[in-house]
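Trainee: Once you've had a glance at the structure underneath, I'll fire off some questions.
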Amino acid sequence: MMLRKILIANRGEIALRVNRAAHELGIETVAIFSEADRESLHVRYADEAFCVGPGPVARSYLNIPNIISAALISGADAIHPGYGFLAENARFAEICADHGLTFIGPTPDVIAKMGDKATARALMHDARIPTTPGTGILADAAAAVHAARKLKYPVLLKATAGGGGKGMRVVFDATEVDHAFATAQAEAEANFKDGRLYMEKLIERPRHIEVQVLGDTLGNVVHVGERDCSVQKPSHQKLIEEAPATGLSRATRERLHEIALAAARAVHYTSAGTLEFLVSGGDVFFMEMNTRIQVEHPISEVVYGVDLVREQIRVASGERLAFSQKDLSPRGHAIECRINAEDPSQNFAPAAGTLTHVALPGGFGIRVDSHVYTGLQISPYYDSLLAKVIAHGATREETIARMACALAETRIEGVKTTLDICRSIMRDERFLAGGVSIEFLPDLTAMAPLGT
Amino acid sequence: MDWELTLERAKRAAEFCAAAGLARFRVEEDGIEIEVRRSPRPVRPPTAVPAAEPSAVPSPNGAPSRETRAAAVVKAEFVGVVRLARPAVMEGTVVGGDRELAYVESLGIRNPIRSSGPGRVVAVHVSDGQPVEFGQPLFSIESA
């Protein structure tokens with residue numbers, strides 16, 4: 001039975017994205033919003049809308065009782081969490097089920113297992129998926145010193161509950177362990193209320209390549225190719241993504257796809273998800289699995305010609321995936337640039353203010369996923385993403401040229417943005433050559449004055 | 001019917017209403033019904049999208065003008081269904097400092113809505129059984 005009415009528990013561009021997919025399927029939508037988002041497009045485009053709290057996310061977009069209550073009052077039969085906020089909150093997925101609401105995502109059990117990094121690594125290890133050499137949970141700094149001696153420096157201390165680079169420290173030798181352990185533990189405790197740490201061997205100058213998977217409740221699993229997300233800010237947040245990953249050997253690419261399918265099958269994955277890998281030469285290491293739709297999903301959509309959000313909704317309704325692996329083949333190349341309200345010269349510090357002028361690009365092979373318009377106030381409460389500009393072309397060269405033209409057309413004024421740095425990356429020789437590592441953008445921002 | 005007398009009675013009813021600080025006053029006598037209402041405040045229709053706060057235009061000296069003495073707006077903190085207290089609070093009801101005016105039922109929990117000080121209800125913005133969202137005005141209460 002296809003779902004009839006979906007509450008979208010998110011804001012910004014992803015709320016619009018889900019709203020469109022639902023409406024195309026003839027499904028009604030319910031928006032939620034905070035008092036700071038009253039003028040947002042996602043409120044206007046949905047069939048109904050409920051204010052669920054004030055600006056701060058803890059009292060609005062994370063306000064589970066008000067969100068569930070809005071779903072029940074409006075008669076929604078499902079909740080789409082988008083990304084961020086409640087998307088990877090296993091408890092929220094359980095609460096939805098308790099109230100007879102379909103959570104559009106994988107099962108709470110899978111979310112919980114994959115959300116705990118040490119558990120996910122152990123699971124993957126058991127499924128013979130290669131993980132970076134590392135440890136389980138470390139009891140204390142002494143255990144960390146002992147483990148690091150075996151793994152050989154440099155190593156990474158990581159919070160098992162971590163994400164977004166928080167609770168993570170690079171350690172180059174034994175003298176740094178005590179301090180790194182204490183600070184990472186405190187940071188993890190403060191951010192995730194879970195101070196447990198584990199250790200991984202640091203893979204130097206790797207590429208970040210991830211594989212999109214889709215599963216249904218009937219046991220079918222497909223991959224929708226890989227994305228190269230190596231252009232990352234120093235905080236490890238992605239800025240530019242492309243599909244397919246350039247310069248991979250055929251063997252490595254096929255191996256990535258096979259590993260991703262095996263991993264998804266191992267946990268009986270039943271929605272859209274992403275397996276993230278570090279790739280260094282021919283070596284492939286599982287890093288983590290994101291159990292949600294991702295910001296960069298459109299590049300896979302345009303290259304494979306499939307609507308991932310539509311499939312998420314369909315499989316949540318109990319339907320079979322609309323295609324099998326043999327129906328899926330990549331066509332051309334796609335790049336996404338994230339235009340964020342951030343100041344690249346200040347280590348990408350978020351910027352707030354009113355957008356005084358917005359002109360978004362268009363034309364053949366250009367897709368823009370965005371919620372912004374002239375006059376919109378960018379609040380400091382939320383994610384800084386303003387627009388995703390996605391270019392699709394027959395070749396990587398054509399796609400880069402198309403992206404450069406699109407970015408040249410784009411105007412977003414009133415706040416500092418990442419527009420200029422994206423423009424200069426489209427001209428950067430290392431980026432043009434392809435296959436940059438995750439150190440590319442940190443090196444670039446450390447070296448040169450930007451936006452010229 | 002003595003038209004002059006009726007008008008005179010209506011005028012007196014209006015004066016009484018104003019003097020007593022009532023929002024509404026109704027009298028029935030000798031088969032004649034007279035109802036007077038004070039009309040300064042527009043009563044918002046119940047809606048899922050609350051309008052802006054009552055406009056607070058400060059007078060030149062910075063003190064609140066007569067208009068803004070208006071009323072404290074009691075708003076919903078929970079998304080849920082509003083149930084008015086019995087006996088129902090209406091326009092003109094004088095409430096004590098901590099009277100339960102209604103509750104918002106959310107996920108099976110009754111979240112009481114109380115007046116925050118003694119005063120007179122000048123507007124009831126919702127009807128019994130209506131769904132409400134966060135921040136939705138429920139009652140306007142003019143402090144005593």
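Residue names in the structure tokens use chain letters A, B, ... in the order shown, residue numbers from 1 in each chain, and ligand numbers from 1 in the order shown.
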With only C-alpha atoms considered, list every residue of chain A at most 8 Å from chain B, as a list in words.

Mentor: Ala49, Phe50, Cys51, Val52, Gly53, Pro65, Asn66, Ile67, Ile68, Ser69, Ala70 and Ile73 of chain A

Trainee: Using only C-alpha atoms, determine which residues lie at most 9 Å from range 340-350 of chain A, disregarding the query and same-chain residues fewer than 4 positions distant; provide the list as a PyMOL selection string.

Mentor: chain A and resi 233-235+239+378+380+383-388+415-421+445+449-451

Trainee: Which is closer to Ile64 in chain A than all the others in A:Leu41, A:Ala144, A:Cys96, A:Leu376, using only C-alpha atoms?

Mentor: A:Cys96

Trainee: One decimal, in Å: what's the spacing between CA of Pro106 in chain A and CA of Val213 in chain A?

Mentor: 11.8 Å

Trainee: What lies within 10 Å of Gly97 in chain B using only C-alpha atoms, ignoring chain neighbours under 3 positions off, as a list in words?

Mentor: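 The neighbour list is Val94, Glu100, Arg114, Ser115, Ser116, Gly117, Pro118, Gly119, Ser143 and Ala144 of chain B.
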
Trainee: Could you list, as a ChimeraX atom specification, every residue within 6 Å of range 82-87 of chain B, counting only C-alpha atoms and ignoring same-chain residues fewer than 3 positions away?

Mentor: /B:101-104,128-130

Trainee: Apply DSSP to the backbone of this structure and, from range 37-108 of chain A, keep only the residues in helix (DSSP H, G or I); write these as a VMD selection string.

Mentor: chain A and resid 37 41 to 45 57 to 59 64 to 74 90 to 98 108

Trainee: Nearest to Arg4 in chain A: which of A:Gln312, A:Thr374, A:Ser317, A:Thr107 is it, counting only C-alpha atoms?

Mentor: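 Distance minimum relative to Arg4 in chain A lands on A:Ser317.
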
Trainee: Name the residues in contact with Val306 in chain A at a cut-off of 10 Å, using only C-alpha atoms, excluding same-chain residues fewer than 4 positions from it; report them as a list in words.

Mentor: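 My reading of the contact set: Val224, Pro298, Ser300, Glu301, Val302, Arg310, Glu311, Ala322, Phe323 and Leu328 of chain A.
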
Trainee: So that I can check the surroundings of range 277-294 of chain A, please list as a list in words every protein, DNA and RNA residue that reaches within 6 Å of it, counting only C-alpha atoms and ignoring chain neighbours fewer than 3 positions away.

Mentor: Pro130, Thr131, Thr132, Pro206, Arg207, His208, Ile209, Glu210, Ala272, Gly273, Thr274 and His297 of chain A

Trainee: Could you write out that same residue set with N, CA, C and O atoms as a PDB file, in the first residue's frame?

Mentor:
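Written output follows (result.pdb):
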```
ATOM      1  N   PRO A 130      36.891  -4.980   4.245  1.00  0.00           N
ATOM      2  CA  PRO A 130      38.137  -4.417   4.773  1.00  0.00           C
ATOM      3  C   PRO A 130      37.903  -3.108   5.528  1.00  0.00           C
ATOM      4  O   PRO A 130      37.238  -2.211   5.026  1.00  0.00           O
ATOM      5  N   THR A 131      38.396  -3.046   6.744  1.00  0.00           N
ATOM      6  CA  THR A 131      38.328  -1.804   7.513  1.00  0.00           C
ATOM      7  C   THR A 131      39.761  -1.335   7.748  1.00  0.00           C
ATOM      8  O   THR A 131      40.702  -2.122   7.613  1.00  0.00           O
ATOM      9  N   THR A 132      39.929  -0.059   8.073  1.00  0.00           N
ATOM     10  CA  THR A 132      41.275   0.404   8.399  1.00  0.00           C
ATOM     11  C   THR A 132      41.741  -0.360   9.625  1.00  0.00           C
ATOM     12  O   THR A 132      40.940  -0.602  10.543  1.00  0.00           O
ATOM     13  N   PRO A 206      44.395  10.102   1.747  1.00  0.00           N
ATOM     14  CA  PRO A 206      43.481   9.203   1.028  1.00  0.00           C
ATOM     15  C   PRO A 206      42.473   9.993   0.206  1.00  0.00           C
ATOM     16  O   PRO A 206      42.337  11.206   0.376  1.00  0.00           O
ATOM     17  N   ARG A 207      41.764   9.300  -0.660  1.00  0.00           N
ATOM     18  CA  ARG A 207      40.580   9.871  -1.293  1.00  0.00           C
ATOM     19  C   ARG A 207      39.371   9.366  -0.513  1.00  0.00           C
ATOM     20  O   ARG A 207      39.402   8.274   0.044  1.00  0.00           O
ATOM     21  N   HIS A 208      38.342  10.210  -0.480  1.00  0.00           N
ATOM     22  CA  HIS A 208      37.085   9.806   0.163  1.00  0.00           C
ATOM     23  C   HIS A 208      36.135   9.410  -0.960  1.00  0.00           C
ATOM     24  O   HIS A 208      35.701  10.261  -1.729  1.00  0.00           O
ATOM     25  N   ILE A 209      35.870   8.120  -1.061  1.00  0.00           N
ATOM     26  CA  ILE A 209      34.955   7.653  -2.103  1.00  0.00           C
ATOM     27  C   ILE A 209      33.855   6.840  -1.435  1.00  0.00           C
ATOM     28  O   ILE A 209      34.111   6.017  -0.556  1.00  0.00           O
ATOM     29  N   GLU A 210      32.631   7.129  -1.824  1.00  0.00           N
ATOM     30  CA  GLU A 210      31.497   6.457  -1.189  1.00  0.00           C
ATOM     31  C   GLU A 210      30.622   5.798  -2.249  1.00  0.00           C
ATOM     32  O   GLU A 210      30.648   6.193  -3.415  1.00  0.00           O
ATOM     33  N   ALA A 272      17.673   3.917   1.249  1.00  0.00           N
ATOM     34  CA  ALA A 272      18.857   4.497   0.616  1.00  0.00           C
ATOM     35  C   ALA A 272      19.920   4.655   1.688  1.00  0.00           C
ATOM     36  O   ALA A 272      19.632   5.070   2.804  1.00  0.00           O
ATOM     37  N   GLY A 273      21.149   4.299   1.343  1.00  0.00           N
ATOM     38  CA  GLY A 273      22.247   4.435   2.299  1.00  0.00           C
ATOM     39  C   GLY A 273      23.555   4.611   1.560  1.00  0.00           C
ATOM     40  O   GLY A 273      23.618   4.421   0.338  1.00  0.00           O
ATOM     41  N   THR A 274      24.577   4.988   2.301  1.00  0.00           N
ATOM     42  CA  THR A 274      25.879   5.232   1.679  1.00  0.00           C
ATOM     43  C   THR A 274      26.978   4.595   2.511  1.00  0.00           C
ATOM     44  O   THR A 274      27.016   4.757   3.727  1.00  0.00           O
ATOM     45  N   HIS A 297      23.344  13.310  -2.949  1.00  0.00           N
ATOM     46  CA  HIS A 297      22.666  12.261  -3.727  1.00  0.00           C
ATOM     47  C   HIS A 297      22.324  12.657  -5.169  1.00  0.00           C
ATOM     48  O   HIS A 297      22.266  11.785  -6.035  1.00  0.00           O
TER      49      HIS A 297
END
```

Trainee: Which one of A:Ala182, A:Ile27, A:Met199, A:Ala401 sits closest to Leu156 in chain A if you count only C-alpha atoms?

Mentor: A:Met199

Trainee: What is the CA of His333 in chain A-CA of Ala251 in chain A distance in Å, reported with one decimal?

Mentor: 19.4 Å

Trainee: For Thr93 in chain B, please output as number ranges by chain all residues within 8 Å (counting only C-alpha atoms; exclusion window: fewer than 6 positions along the same chain).

Mentor: B: 120-122

Trainee: Go ahead and write the selection's residues with N, CA, C and O atoms as a PDB file, in the first residue's frame.

Mentor:
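Written file, again28.pdb:
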```pdb
ATOM      1  N   ARG B 120      -8.748  39.851  32.704  1.00  0.00           N
ATOM      2  CA  ARG B 120     -10.012  39.633  32.029  1.00  0.00           C
ATOM      3  C   ARG B 120      -9.718  39.111  30.630  1.00  0.00           C
ATOM      4  O   ARG B 120      -8.889  39.667  29.912  1.00  0.00           O
ATOM      5  N   VAL B 121     -10.392  38.044  30.284  1.00  0.00           N
ATOM      6  CA  VAL B 121     -10.182  37.466  28.958  1.00  0.00           C
ATOM      7  C   VAL B 121     -10.825  38.376  27.926  1.00  0.00           C
ATOM      8  O   VAL B 121     -12.012  38.675  28.017  1.00  0.00           O
ATOM      9  N   VAL B 122     -10.037  38.878  26.987  1.00  0.00           N
ATOM     10  CA  VAL B 122     -10.604  39.753  25.961  1.00  0.00           C
ATOM     11  C   VAL B 122     -10.735  39.043  24.619  1.00  0.00           C
ATOM     12  O   VAL B 122     -11.397  39.541  23.726  1.00  0.00           O
TER      13      VAL B 122
END
```
